[in-house]
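Quick look at final-v4.txt (compact mmCIF, C-alpha atoms):
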# COMPACT_ATOMS: atom_id res chain seq x y z
CA MET Q 923 -29.77 -12.91 -5.74
CA SER Q 924 -30.24 -11.48 -2.29
CA GLN Q 925 -30.68 -7.91 -1.14
CA ASN Q 926 -27.09 -7.57 0.08
CA THR Q 927 -25.64 -8.70 -3.24
CA ASP Q 928 -28.06 -6.30 -4.94
CA LEU Q 929 -26.71 -3.50 -2.74
CA VAL Q 930 -23.09 -4.31 -3.60
CA ASN Q 931 -23.93 -4.43 -7.29
CA LYS Q 932 -25.69 -1.06 -6.94
CA LEU Q 933 -22.47 0.33 -5.44
CA ILE Q 934 -20.52 -0.99 -8.41
CA ARG Q 935 -22.96 0.47 -10.93
CA GLY Q 936 -22.56 3.80 -9.10
CA TRP Q 937 -18.79 3.61 -9.60
CA GLU Q 938 -19.18 2.78 -13.27
CA ALA Q 939 -21.56 5.73 -13.69
CA LYS Q 940 -19.06 7.94 -11.78
CA ASP Q 941 -22.06 8.97 -9.67
CA ALA Q 942 -20.68 9.99 -6.27
CA GLU Q 943 -24.14 10.44 -4.71
CA ALA Q 944 -25.23 6.96 -5.85
CA ILE Q 945 -22.03 5.49 -4.42
CA LEU Q 946 -22.34 7.29 -1.08
CA SER Q 947 -26.03 6.35 -0.70
CA CYS Q 948 -24.93 2.70 -0.38
CA PHE Q 949 -23.03 3.32 2.90
CA THR Q 950 -24.03 3.72 6.53
CA ASP Q 951 -23.02 7.08 8.01
CA ASP Q 952 -20.30 5.39 10.08
CA ALA Q 953 -19.08 3.07 7.31
CA VAL Q 954 -15.45 1.97 7.21
CA TYR Q 955 -13.86 1.54 3.75
CA ILE Q 956 -10.41 0.01 3.78
CA ASN Q 957 -8.06 -0.49 0.87
CA VAL Q 958 -6.15 -3.15 2.78
CA PRO Q 959 -2.61 -2.41 1.47
CA MET Q 960 -3.08 1.36 1.97
CA ASP Q 961 -3.65 3.31 5.15
CA PRO Q 962 -5.34 4.91 6.99
CA PRO Q 963 -8.86 3.38 6.81
CA ASN Q 964 -11.56 5.68 5.48
CA VAL Q 965 -13.98 6.10 8.38
CA GLY Q 966 -17.36 7.80 7.88
CA LYS Q 967 -19.03 9.30 4.85
CA ALA Q 968 -16.86 12.42 4.69
CA MET Q 969 -13.65 10.41 4.34
CA ILE Q 970 -15.28 7.99 1.91
CA ARG Q 971 -16.59 10.92 -0.13
CA ALA Q 972 -13.05 12.29 -0.42
CA VAL Q 973 -11.76 8.99 -1.86
CA VAL Q 974 -14.72 8.65 -4.22
CA ASP Q 975 -14.32 12.24 -5.44
CA GLN Q 976 -10.60 11.69 -6.02
CA PHE Q 977 -11.06 8.58 -8.20
CA VAL Q 978 -14.20 9.81 -9.98
CA GLY Q 979 -12.32 13.03 -10.68
CA MET Q 980 -9.14 11.35 -11.95
CA ALA Q 981 -10.80 8.72 -14.16
CA GLN Q 982 -12.41 9.44 -17.50
CA GLU Q 983 -14.07 6.01 -17.33
CA VAL Q 984 -14.51 3.38 -14.60
CA GLN Q 985 -15.28 -0.33 -15.01
CA PHE Q 986 -15.58 -2.86 -12.18
CA VAL Q 987 -15.72 -6.27 -13.89
CA ILE Q 988 -17.12 -8.90 -11.51
CA HIS Q 989 -15.73 -12.41 -12.12
CA HIS Q 990 -17.27 -14.18 -9.12
CA SER Q 991 -19.56 -13.17 -6.29
CA CYS Q 992 -21.12 -14.89 -3.30
CA GLU Q 993 -23.02 -14.12 -0.13
CA ASN Q 994 -23.09 -15.88 3.20
CA PRO Q 995 -26.75 -16.56 4.04
CA GLN Q 996 -26.05 -16.58 7.80
CA THR Q 997 -24.01 -13.38 8.12
CA GLY Q 998 -25.11 -11.53 4.98
CA VAL Q 999 -21.46 -10.87 4.11
CA VAL Q 1000 -20.88 -10.41 0.36
CA MET Q 1001 -17.58 -11.12 -1.40
CA ASN Q 1002 -16.53 -10.64 -4.98
CA GLU Q 1003 -13.54 -11.09 -7.27
CA ARG Q 1004 -13.11 -8.25 -9.74
CA THR Q 1005 -10.93 -6.45 -12.22
CA ASP Q 1006 -11.25 -2.72 -11.49
CA ARG Q 1007 -10.35 -0.55 -14.47
CA PHE Q 1008 -9.77 3.20 -14.50
CA LEU Q 1009 -9.14 5.20 -17.67
CA MET Q 1010 -6.70 7.90 -16.57
CA ASN Q 1011 -4.95 10.28 -18.93
CA GLY Q 1012 -6.00 8.11 -21.86
CA LYS Q 1013 -4.54 4.90 -20.37
CA TRP Q 1014 -6.42 2.03 -18.71
CA ILE Q 1015 -5.15 1.11 -15.22
CA GLU Q 1016 -6.24 -2.42 -14.21
CA ILE Q 1017 -6.27 -3.78 -10.66
CA ALA Q 1018 -6.99 -7.42 -9.69
CA VAL Q 1019 -9.15 -7.16 -6.57
CA MET Q 1020 -11.15 -9.15 -4.08
CA GLY Q 1021 -13.63 -7.28 -1.89
CA VAL Q 1022 -15.62 -8.13 1.23
CA PHE Q 1023 -18.74 -6.19 2.25
CA GLU Q 1024 -20.50 -6.25 5.63
CA VAL Q 1025 -24.07 -4.93 5.50
CA ARG Q 1026 -26.16 -3.39 8.31
CA ASP Q 1027 -29.76 -2.20 7.91
CA GLY Q 1028 -29.56 -2.30 4.13
CA ARG Q 1029 -26.36 -0.26 3.89
CA ILE Q 1030 -22.68 -1.19 3.57
CA ALA Q 1031 -21.07 -0.76 7.01
CA LYS Q 1032 -17.64 -2.22 6.14
CA TRP Q 1033 -15.85 -2.63 2.82
CA ARG Q 1034 -12.37 -4.10 2.55
CA ASP Q 1035 -10.60 -4.44 -0.81
CA TYR Q 1036 -7.58 -6.76 -1.16
CA PHE Q 1037 -5.10 -6.15 -3.98
CA ASP Q 1038 -1.40 -5.73 -4.63
CA LEU Q 1039 -0.42 -2.11 -4.14
CA GLY Q 1040 2.61 -2.58 -6.40
CA GLN Q 1041 0.40 -3.64 -9.31
CA TYR Q 1042 -1.44 -0.33 -9.00
CA THR Q 1043 1.51 2.01 -8.42
CA ARG Q 1044 3.61 0.48 -11.23
CA GLN Q 1045 0.87 1.35 -13.72
CA LEU Q 1046 0.70 4.93 -12.45
CA GLY Q 1047 4.48 5.27 -13.00
CA MET A 1416 -22.07 -25.72 5.19
CA SER A 1417 -21.75 -27.23 1.74
CA GLN A 1418 -19.31 -29.79 0.39
CA ASN A 1419 -17.19 -27.20 -1.40
CA THR A 1420 -16.74 -25.11 1.72
CA ASP A 1421 -15.92 -28.32 3.59
CA LEU A 1422 -13.24 -29.06 0.98
CA VAL A 1423 -11.68 -25.60 1.32
CA ASN A 1424 -11.69 -25.92 5.09
CA LYS A 1425 -10.05 -29.34 4.75
CA LEU A 1426 -7.31 -27.69 2.66
CA ILE A 1427 -6.80 -25.11 5.37
CA ARG A 1428 -6.61 -27.72 8.12
CA GLY A 1429 -4.00 -29.49 5.97
CA TRP A 1430 -1.91 -26.30 5.89
CA GLU A 1431 -2.23 -25.84 9.65
CA ALA A 1432 -1.15 -29.47 10.18
CA LYS A 1433 1.75 -28.89 7.73
CA ASP A 1434 0.55 -32.09 6.06
CA ALA A 1435 1.63 -31.86 2.42
CA GLU A 1436 -0.24 -35.03 1.39
CA ALA A 1437 -3.49 -33.79 2.95
CA ILE A 1438 -3.07 -30.44 1.17
CA LEU A 1439 -2.32 -32.03 -2.21
CA SER A 1440 -5.24 -34.47 -1.93
CA CYS A 1441 -7.62 -31.48 -2.13
CA PHE A 1442 -6.55 -30.57 -5.70
CA THR A 1443 -7.36 -31.92 -9.15
CA ASP A 1444 -4.32 -33.19 -11.03
CA ASP A 1445 -4.45 -30.16 -13.37
CA ALA A 1446 -5.18 -27.61 -10.65
CA VAL A 1447 -3.97 -24.02 -11.02
CA TYR A 1448 -2.87 -22.21 -7.84
CA ILE A 1449 -2.12 -18.53 -8.29
CA ASN A 1450 -0.72 -16.12 -5.76
CA VAL A 1451 -2.07 -13.17 -7.73
CA PRO A 1452 0.75 -10.66 -7.07
CA MET A 1453 3.43 -13.29 -7.79
CA ASP A 1454 4.18 -15.15 -10.99
CA PRO A 1455 4.21 -17.59 -12.64
CA PRO A 1456 1.00 -19.50 -11.79
CA ASN A 1457 1.51 -22.94 -10.24
CA VAL A 1458 0.01 -25.37 -12.75
CA GLY A 1459 -0.49 -29.03 -11.87
CA LYS A 1460 0.25 -31.01 -8.73
CA ALA A 1461 4.03 -31.10 -9.19
CA MET A 1462 4.31 -27.30 -9.15
CA ILE A 1463 1.79 -26.99 -6.32
CA ARG A 1464 3.75 -29.60 -4.33
CA ALA A 1465 6.91 -27.53 -4.72
CA VAL A 1466 5.21 -24.45 -3.26
CA VAL A 1467 3.62 -26.45 -0.45
CA ASP A 1468 6.93 -28.12 0.42
CA GLN A 1469 8.70 -24.75 0.43
CA PHE A 1470 6.28 -23.13 2.90
CA VAL A 1471 5.76 -26.22 5.05
CA GLY A 1472 9.55 -26.56 5.18
CA MET A 1473 10.21 -22.90 6.07
CA ALA A 1474 7.49 -22.51 8.70
CA GLN A 1475 7.68 -23.98 12.20
CA GLU A 1476 3.93 -23.31 12.56
CA VAL A 1477 1.15 -22.34 10.16
CA GLN A 1478 -2.22 -20.74 10.99
CA PHE A 1479 -4.87 -19.72 8.44
CA VAL A 1480 -7.42 -17.69 10.44
CA ILE A 1481 -10.72 -17.46 8.52
CA HIS A 1482 -12.66 -14.24 9.18
CA HIS A 1483 -15.44 -14.67 6.62
CA SER A 1484 -16.39 -17.34 4.12
CA CYS A 1485 -19.13 -17.83 1.57
CA GLU A 1486 -20.09 -20.06 -1.31
CA ASN A 1487 -22.08 -19.35 -4.45
CA PRO A 1488 -24.86 -21.96 -4.64
CA GLN A 1489 -25.06 -21.69 -8.45
CA THR A 1490 -21.36 -21.94 -9.34
CA GLY A 1491 -20.02 -23.67 -6.22
CA VAL A 1492 -17.26 -21.06 -5.99
CA VAL A 1493 -15.97 -20.56 -2.44
CA MET A 1494 -14.36 -17.35 -1.18
CA ASN A 1495 -12.81 -16.51 2.15
CA GLU A 1496 -11.10 -13.63 3.97
CA ARG A 1497 -8.18 -14.76 6.10
CA THR A 1498 -5.10 -13.87 8.07
CA ASP A 1499 -2.39 -16.37 7.07
CA ARG A 1500 0.34 -16.68 9.70
CA PHE A 1501 3.70 -18.42 9.33
CA LEU A 1502 6.16 -18.83 12.19
CA MET A 1503 9.56 -18.54 10.50
CA ASN A 1504 12.85 -18.34 12.37
CA GLY A 1505 10.96 -17.66 15.59
CA LYS A 1506 8.97 -14.72 14.15
CA TRP A 1507 5.32 -14.68 13.04
CA ILE A 1508 4.76 -13.42 9.48
CA GLU A 1509 1.14 -12.29 8.95
CA ILE A 1510 -0.54 -11.81 5.56
CA ALA A 1511 -4.02 -10.33 5.02
CA VAL A 1512 -5.54 -12.48 2.27
CA MET A 1513 -8.70 -13.11 0.29
CA GLY A 1514 -8.94 -16.38 -1.62
CA VAL A 1515 -11.26 -17.74 -4.31
CA PHE A 1516 -11.64 -21.47 -4.98
CA GLU A 1517 -13.23 -23.14 -8.02
CA VAL A 1518 -14.20 -26.76 -7.43
CA ARG A 1519 -14.61 -29.57 -9.99
CA ASP A 1520 -15.64 -33.15 -9.12
CA GLY A 1521 -15.01 -32.65 -5.43
CA ARG A 1522 -11.49 -31.24 -5.85
CA ILE A 1523 -10.08 -27.70 -6.06
CA ALA A 1524 -9.35 -26.91 -9.71
CA LYS A 1525 -8.42 -23.24 -9.29
CA TRP A 1526 -7.20 -21.29 -6.28
CA ARG A 1527 -6.35 -17.61 -6.44
CA ASP A 1528 -5.09 -15.70 -3.38
CA TYR A 1529 -5.18 -11.88 -3.33
CA PHE A 1530 -2.82 -10.01 -1.00
CA ASP A 1531 -0.28 -7.24 -0.99
CA LEU A 1532 3.13 -8.62 -1.91
CA GLY A 1533 4.84 -5.70 -0.12
CA GLN A 1534 3.17 -6.62 3.17
CA TYR A 1535 4.75 -10.07 2.89
CA THR A 1536 8.22 -9.10 1.67
CA ARG A 1537 8.63 -6.29 4.24
CA GLN A 1538 8.15 -8.83 7.03
CA LEU A 1539 10.74 -11.14 5.53
CA GLY A 1540 13.15 -8.15 5.60
Can the structure in the file be given as structure tokens, please?
Amino acid sequence: MSQNTDLVNKLIRGWEAKDAEAILSCFTDDAVYINVPMDPPNVGKAMIRAVVDQFVGMAQEVQFVIHHSCENPQTGVVMNERTDRFLMNGKWIEIAVMGVFEVRDGRIAKWRDYFDLGQYTRQLG
Amino acid sequence: MSQNTDLVNKLIRGWEAKDAEAILSCFTDDAVYINVPMDPPNVGKAMIRAVVDQFVGMAQEVQFVIHHSCENPQTGVVMNERTDRFLMNGKWIEIAVMGVFEVRDGRIAKWRDYFDLGQYTRQLG
């Protein structure tokens, strides 16, 4: 497993530990984190921190289950297929996700997550 | 580039050529093709052919623009990040997609595409 995949897996362990500092330490200062079906993009650590704090605050537990993962040896881009689970108000919310991660100087510079917004919002209902 | 990535790229060229036989030749007979936010899954070549025929029939042109691609050397799983474009009734429909492809014996056995169903249906409007 390469360093970039290690970095992405460290990010995911940070989420599962609900450790905002561990999560944020994985990103470049100018990182762009995009939930593709939602807008606007989260640009820079302050905006990313706000999203992280919101989810870490709302969820009693977080699980990111990785089904498949790969890394392009030429570009260093990492992709994974996951089920992201959030225990909120005693109920598990599950989202089927694929993510793509672009790494620069050992930090995540771009993260885009692809999922169906309706799958998420229907469970919140 | 490995054989599995070659196979996925052959599938995509088949879509862009609107060549149903070329597309179907990439799959195992028992292949499962899932558009994750839609149901049911398309199981077996007859169901996959129906979906292919529907889109190839509706679209005057098809483009699958690959932004990033990678392959897991252990499992042979291929993933890509794409913009899928369909020219329908003189208007381009664009869908932001990530796909994951599981290969068996030189054919695609499982294909799952992740995207936001709302992004697609709003453009059909």
- Query: If you count only C-alpha atoms, which residues fall within 7 Å of region 1026-1037 of chain Q, apart from same-chain ones fewer than 6 positions away, as a ChimeraX atom specification?
  - Reply: /Q:948-950,952-958,1018-1020 /A:1512-1513,1529-1531
How about saving the chosen residues, C-alpha atoms kept, as a tab-separated table (two decimals), keeping the file's coordinate frame?
chain	number	residue	atom	x	y	z
Q	948	CYS	CA	-24.93	2.70	-0.38
Q	949	PHE	CA	-23.03	3.32	2.90
Q	950	THR	CA	-24.03	3.72	6.53
Q	952	ASP	CA	-20.30	5.39	10.08
Q	953	ALA	CA	-19.08	3.07	7.31
Q	954	VAL	CA	-15.45	1.97	7.21
Q	955	TYR	CA	-13.86	1.54	3.75
Q	956	ILE	CA	-10.41	0.01	3.78
Q	957	ASN	CA	-8.06	-0.49	0.87
Q	958	VAL	CA	-6.15	-3.15	2.78
Q	1018	ALA	CA	-6.99	-7.42	-9.69
Q	1019	VAL	CA	-9.15	-7.16	-6.57
Q	1020	MET	CA	-11.15	-9.15	-4.08
A	1512	VAL	CA	-5.54	-12.48	2.27
A	1513	MET	CA	-8.70	-13.11	0.29
A	1529	TYR	CA	-5.18	-11.88	-3.33
A	1530	PHE	CA	-2.82	-10.01	-1.00
A	1531	ASP	CA	-0.28	-7.24	-0.99
- Enumerate as a PyMOL selection string the residues belonging to chain Q that approach chain A to within 12 Å, with all atoms listed in the file taken into account. chain Q and resi 923-924+927+957-960+989-1005+1017-1024+1034-1043
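Across the structure, CA of Ala972 (chain Q) and CA of Ile945 (chain Q) are spaced 12.0 Å apart.
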- Query: Quick one, how far is CA of Pro1456 (chain A) from CA of Asn1504 (chain A)?
  - Reply: 26.9 Å
Would you superpose chain Q on chain A, least squares on all C-alpha atoms in order, and hand back the fitted chain as a short mmCIF file (atom, residue, chain, number, x, y, z; two decimals) with C-alpha atoms, in the coordinates of the input?
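Written file, part-v1.cif:
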data_model
loop_
_atom_site.label_atom_id
_atom_site.label_comp_id
_atom_site.auth_asym_id
_atom_site.auth_seq_id
_atom_site.Cartn_x
_atom_site.Cartn_y
_atom_site.Cartn_z
CA MET Q 923 -22.10 -25.76 5.17
CA SER Q 924 -21.76 -27.25 1.73
CA GLN Q 925 -19.32 -29.80 0.38
CA ASN Q 926 -17.19 -27.21 -1.41
CA THR Q 927 -16.74 -25.11 1.72
CA ASP Q 928 -15.93 -28.33 3.58
CA LEU Q 929 -13.25 -29.07 0.98
CA VAL Q 930 -11.69 -25.61 1.32
CA ASN Q 931 -11.69 -25.91 5.09
CA LYS Q 932 -10.04 -29.34 4.75
CA LEU Q 933 -7.31 -27.68 2.66
CA ILE Q 934 -6.79 -25.10 5.38
CA ARG Q 935 -6.62 -27.72 8.13
CA GLY Q 936 -3.99 -29.50 5.99
CA TRP Q 937 -1.91 -26.31 5.91
CA GLU Q 938 -2.23 -25.84 9.65
CA ALA Q 939 -1.14 -29.46 10.20
CA LYS Q 940 1.76 -28.90 7.74
CA ASP Q 941 0.54 -32.09 6.06
CA ALA Q 942 1.62 -31.85 2.41
CA GLU Q 943 -0.24 -35.03 1.39
CA ALA Q 944 -3.49 -33.77 2.96
CA ILE Q 945 -3.07 -30.44 1.17
CA LEU Q 946 -2.32 -32.02 -2.22
CA SER Q 947 -5.25 -34.47 -1.93
CA CYS Q 948 -7.61 -31.47 -2.13
CA PHE Q 949 -6.54 -30.57 -5.70
CA THR Q 950 -7.36 -31.90 -9.15
CA ASP Q 951 -4.31 -33.18 -11.04
CA ASP Q 952 -4.44 -30.17 -13.37
CA ALA Q 953 -5.18 -27.60 -10.65
CA VAL Q 954 -3.97 -24.02 -11.03
CA TYR Q 955 -2.86 -22.21 -7.84
CA ILE Q 956 -2.13 -18.53 -8.29
CA ASN Q 957 -0.73 -16.11 -5.76
CA VAL Q 958 -2.08 -13.17 -7.73
CA PRO Q 959 0.75 -10.64 -7.06
CA MET Q 960 3.44 -13.28 -7.78
CA ASP Q 961 4.18 -15.14 -10.98
CA PRO Q 962 4.21 -17.59 -12.65
CA PRO Q 963 0.99 -19.51 -11.79
CA ASN Q 964 1.51 -22.93 -10.24
CA VAL Q 965 0.01 -25.36 -12.75
CA GLY Q 966 -0.48 -29.04 -11.86
CA LYS Q 967 0.25 -31.02 -8.74
CA ALA Q 968 4.03 -31.09 -9.17
CA MET Q 969 4.30 -27.30 -9.17
CA ILE Q 970 1.81 -26.99 -6.33
CA ARG Q 971 3.74 -29.60 -4.35
CA ALA Q 972 6.91 -27.53 -4.73
CA VAL Q 973 5.22 -24.44 -3.25
CA VAL Q 974 3.62 -26.43 -0.44
CA ASP Q 975 6.94 -28.12 0.41
CA GLN Q 976 8.71 -24.76 0.44
CA PHE Q 977 6.29 -23.12 2.91
CA VAL Q 978 5.76 -26.23 5.06
CA GLY Q 979 9.54 -26.55 5.19
CA MET Q 980 10.21 -22.90 6.07
CA ALA Q 981 7.49 -22.51 8.72
CA GLN Q 982 7.67 -23.96 12.20
CA GLU Q 983 3.94 -23.30 12.58
CA VAL Q 984 1.14 -22.33 10.17
CA GLN Q 985 -2.22 -20.73 10.99
CA PHE Q 986 -4.88 -19.72 8.46
CA VAL Q 987 -7.44 -17.69 10.44
CA ILE Q 988 -10.73 -17.46 8.53
CA HIS Q 989 -12.66 -14.23 9.19
CA HIS Q 990 -15.44 -14.67 6.63
CA SER Q 991 -16.38 -17.34 4.12
CA CYS Q 992 -19.13 -17.83 1.56
CA GLU Q 993 -20.10 -20.07 -1.32
CA ASN Q 994 -22.08 -19.36 -4.44
CA PRO Q 995 -24.85 -21.97 -4.64
CA GLN Q 996 -25.06 -21.70 -8.45
CA THR Q 997 -21.37 -21.97 -9.34
CA GLY Q 998 -20.01 -23.68 -6.23
CA VAL Q 999 -17.26 -21.06 -6.00
CA VAL Q 1000 -15.96 -20.56 -2.44
CA MET Q 1001 -14.37 -17.35 -1.17
CA ASN Q 1002 -12.82 -16.49 2.15
CA GLU Q 1003 -11.11 -13.64 3.97
CA ARG Q 1004 -8.19 -14.76 6.10
CA THR Q 1005 -5.10 -13.86 8.05
CA ASP Q 1006 -2.40 -16.37 7.09
CA ARG Q 1007 0.33 -16.68 9.70
CA PHE Q 1008 3.69 -18.41 9.34
CA LEU Q 1009 6.16 -18.82 12.20
CA MET Q 1010 9.55 -18.54 10.51
CA ASN Q 1011 12.84 -18.33 12.37
CA GLY Q 1012 10.96 -17.67 15.59
CA LYS Q 1013 8.97 -14.73 14.15
CA TRP Q 1014 5.32 -14.69 13.05
CA ILE Q 1015 4.76 -13.41 9.49
CA GLU Q 1016 1.14 -12.29 8.95
CA ILE Q 1017 -0.54 -11.80 5.57
CA ALA Q 1018 -4.03 -10.32 5.02
CA VAL Q 1019 -5.55 -12.47 2.27
CA MET Q 1020 -8.69 -13.11 0.30
CA GLY Q 1021 -8.94 -16.38 -1.62
CA VAL Q 1022 -11.26 -17.74 -4.31
CA PHE Q 1023 -11.64 -21.47 -4.97
CA GLU Q 1024 -13.23 -23.13 -8.02
CA VAL Q 1025 -14.19 -26.77 -7.43
CA ARG Q 1026 -14.59 -29.58 -9.99
CA ASP Q 1027 -15.62 -33.15 -9.13
CA GLY Q 1028 -14.99 -32.62 -5.43
CA ARG Q 1029 -11.48 -31.22 -5.86
CA ILE Q 1030 -10.08 -27.69 -6.05
CA ALA Q 1031 -9.35 -26.92 -9.73
CA LYS Q 1032 -8.43 -23.23 -9.30
CA TRP Q 1033 -7.21 -21.28 -6.28
CA ARG Q 1034 -6.36 -17.60 -6.44
CA ASP Q 1035 -5.10 -15.70 -3.39
CA TYR Q 1036 -5.18 -11.88 -3.33
CA PHE Q 1037 -2.83 -10.01 -1.00
CA ASP Q 1038 -0.27 -7.23 -0.98
CA LEU Q 1039 3.13 -8.60 -1.91
CA GLY Q 1040 4.84 -5.71 -0.12
CA GLN Q 1041 3.18 -6.63 3.18
CA TYR Q 1042 4.74 -10.08 2.89
CA THR Q 1043 8.22 -9.12 1.67
CA ARG Q 1044 8.63 -6.31 4.23
CA GLN Q 1045 8.16 -8.82 7.04
CA LEU Q 1046 10.74 -11.17 5.53
CA GLY Q 1047 13.27 -8.28 5.45
#
- What is the CA of Phe1008 (chain Q) to CA of Val984 (chain Q) distance in Å? 4.7 Å
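For Met1473 (chain A), the residues within 12 Å (counting all atoms listed in the file, excluding itself and residues fewer than 5 positions away along the chain) are Lys1433, Val1466, Val1467, Asp1468, Phe1501, Leu1502, Met1503, Asn1504, Gly1505, Lys1506, Trp1507, Ile1508 and Leu1539 of chain A.
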Just to be explicit: take each residue in the selection above, keep C-alpha atoms, and write the result as a PDB file, in the coordinates of the input.
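Saved result, result-v3.pdb, follows:
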ATOM      1  CA  LYS A1433       1.750 -28.890   7.730  1.00  0.00           C
ATOM      2  CA  VAL A1466       5.210 -24.450  -3.260  1.00  0.00           C
ATOM      3  CA  VAL A1467       3.620 -26.450  -0.450  1.00  0.00           C
ATOM      4  CA  ASP A1468       6.930 -28.120   0.420  1.00  0.00           C
ATOM      5  CA  PHE A1501       3.700 -18.420   9.330  1.00  0.00           C
ATOM      6  CA  LEU A1502       6.160 -18.830  12.190  1.00  0.00           C
ATOM      7  CA  MET A1503       9.560 -18.540  10.500  1.00  0.00           C
ATOM      8  CA  ASN A1504      12.850 -18.340  12.370  1.00  0.00           C
ATOM      9  CA  GLY A1505      10.960 -17.660  15.590  1.00  0.00           C
ATOM     10  CA  LYS A1506       8.970 -14.720  14.150  1.00  0.00           C
ATOM     11  CA  TRP A1507       5.320 -14.680  13.040  1.00  0.00           C
ATOM     12  CA  ILE A1508       4.760 -13.420   9.480  1.00  0.00           C
ATOM     13  CA  LEU A1539      10.740 -11.140   5.530  1.00  0.00           C
TER      14      LEU A1539
END
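For the choices Q:Gly979, Q:Phe986, Q:Val1025, Q:Gly966, the atom-to-atom distance to Asp928 (chain Q) is smallest for Q:Val1025 when using all atoms listed in the file.
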Is it possible to get the axis-aligned box enclosing region 926-931 of chain Q (all listed atoms, 6 Å extra per side) as JSON, with centre and edge lengths in Å rounded to one decimal?
{"center_x": -25.6, "center_y": -6.1, "center_z": -3.6, "size_x": 17.0, "size_y": 17.2, "size_z": 19.4}
Filled-in N, CA, C and O atoms of region 1471-1484 of chain A, supplied as an mmCIF file, in the frame of the given file:
data_model
loop_
_atom_site.group_PDB
_atom_site.id
_atom_site.type_symbol
_atom_site.label_atom_id
_atom_site.label_comp_id
_atom_site.auth_asym_id
_atom_site.auth_seq_id
_atom_site.Cartn_x
_atom_site.Cartn_y
_atom_site.Cartn_z
ATOM 1 N N VAL A 1471 5.815 -25.294 3.927
ATOM 2 C CA VAL A 1471 5.760 -26.220 5.050
ATOM 3 C C VAL A 1471 7.172 -26.435 5.607
ATOM 4 O O VAL A 1471 7.360 -26.589 6.821
ATOM 5 N N GLY A 1472 8.168 -26.400 4.732
ATOM 6 C CA GLY A 1472 9.550 -26.560 5.180
ATOM 7 C C GLY A 1472 10.075 -25.347 5.928
ATOM 8 O O GLY A 1472 10.793 -25.477 6.919
ATOM 9 N N MET A 1473 9.697 -24.130 5.463
ATOM 10 C CA MET A 1473 10.210 -22.900 6.070
ATOM 11 C C MET A 1473 9.553 -22.574 7.409
ATOM 12 O O MET A 1473 10.153 -21.932 8.267
ATOM 13 N N ALA A 1474 8.278 -22.962 7.549
ATOM 14 C CA ALA A 1474 7.490 -22.510 8.700
ATOM 15 C C ALA A 1474 7.511 -23.551 9.818
ATOM 16 O O ALA A 1474 7.254 -24.727 9.578
ATOM 17 N N GLN A 1475 7.794 -23.091 11.049
ATOM 18 C CA GLN A 1475 7.680 -23.980 12.200
ATOM 19 C C GLN A 1475 6.211 -24.218 12.556
ATOM 20 O O GLN A 1475 5.847 -25.292 13.030
ATOM 21 N N GLU A 1476 5.375 -23.175 12.350
ATOM 22 C CA GLU A 1476 3.930 -23.310 12.560
ATOM 23 C C GLU A 1476 3.206 -22.531 11.472
ATOM 24 O O GLU A 1476 3.723 -21.517 10.986
ATOM 25 N N VAL A 1477 1.995 -23.010 11.149
ATOM 26 C CA VAL A 1477 1.150 -22.340 10.160
ATOM 27 C C VAL A 1477 -0.250 -22.180 10.734
ATOM 28 O O VAL A 1477 -0.797 -23.129 11.304
ATOM 29 N N GLN A 1478 -0.822 -20.983 10.617
ATOM 30 C CA GLN A 1478 -2.220 -20.740 10.990
ATOM 31 C C GLN A 1478 -2.900 -19.974 9.856
ATOM 32 O O GLN A 1478 -2.366 -18.958 9.401
ATOM 33 N N PHE A 1479 -4.032 -20.463 9.397
ATOM 34 C CA PHE A 1479 -4.870 -19.720 8.440
ATOM 35 C C PHE A 1479 -6.146 -19.353 9.204
ATOM 36 O O PHE A 1479 -7.017 -20.204 9.395
ATOM 37 N N VAL A 1480 -6.266 -18.130 9.659
ATOM 38 C CA VAL A 1480 -7.420 -17.690 10.440
ATOM 39 C C VAL A 1480 -8.494 -17.171 9.470
ATOM 40 O O VAL A 1480 -8.265 -16.188 8.762
ATOM 41 N N ILE A 1481 -9.641 -17.856 9.425
ATOM 42 C CA ILE A 1481 -10.720 -17.460 8.520
ATOM 43 C C ILE A 1481 -11.629 -16.450 9.221
ATOM 44 O O ILE A 1481 -12.183 -16.732 10.277
ATOM 45 N N HIS A 1482 -11.768 -15.260 8.616
ATOM 46 C CA HIS A 1482 -12.660 -14.240 9.180
ATOM 47 C C HIS A 1482 -14.058 -14.347 8.597
ATOM 48 O O HIS A 1482 -15.043 -14.216 9.319
ATOM 49 N N HIS A 1483 -14.147 -14.521 7.288
ATOM 50 C CA HIS A 1483 -15.440 -14.670 6.620
ATOM 51 C C HIS A 1483 -15.276 -15.663 5.481
ATOM 52 O O HIS A 1483 -14.198 -15.775 4.894
ATOM 53 N N SER A 1484 -16.390 -16.352 5.182
ATOM 54 C CA SER A 1484 -16.390 -17.340 4.120
ATOM 55 C C SER A 1484 -17.763 -17.373 3.483
ATOM 56 O O SER A 1484 -18.768 -17.139 4.162
#
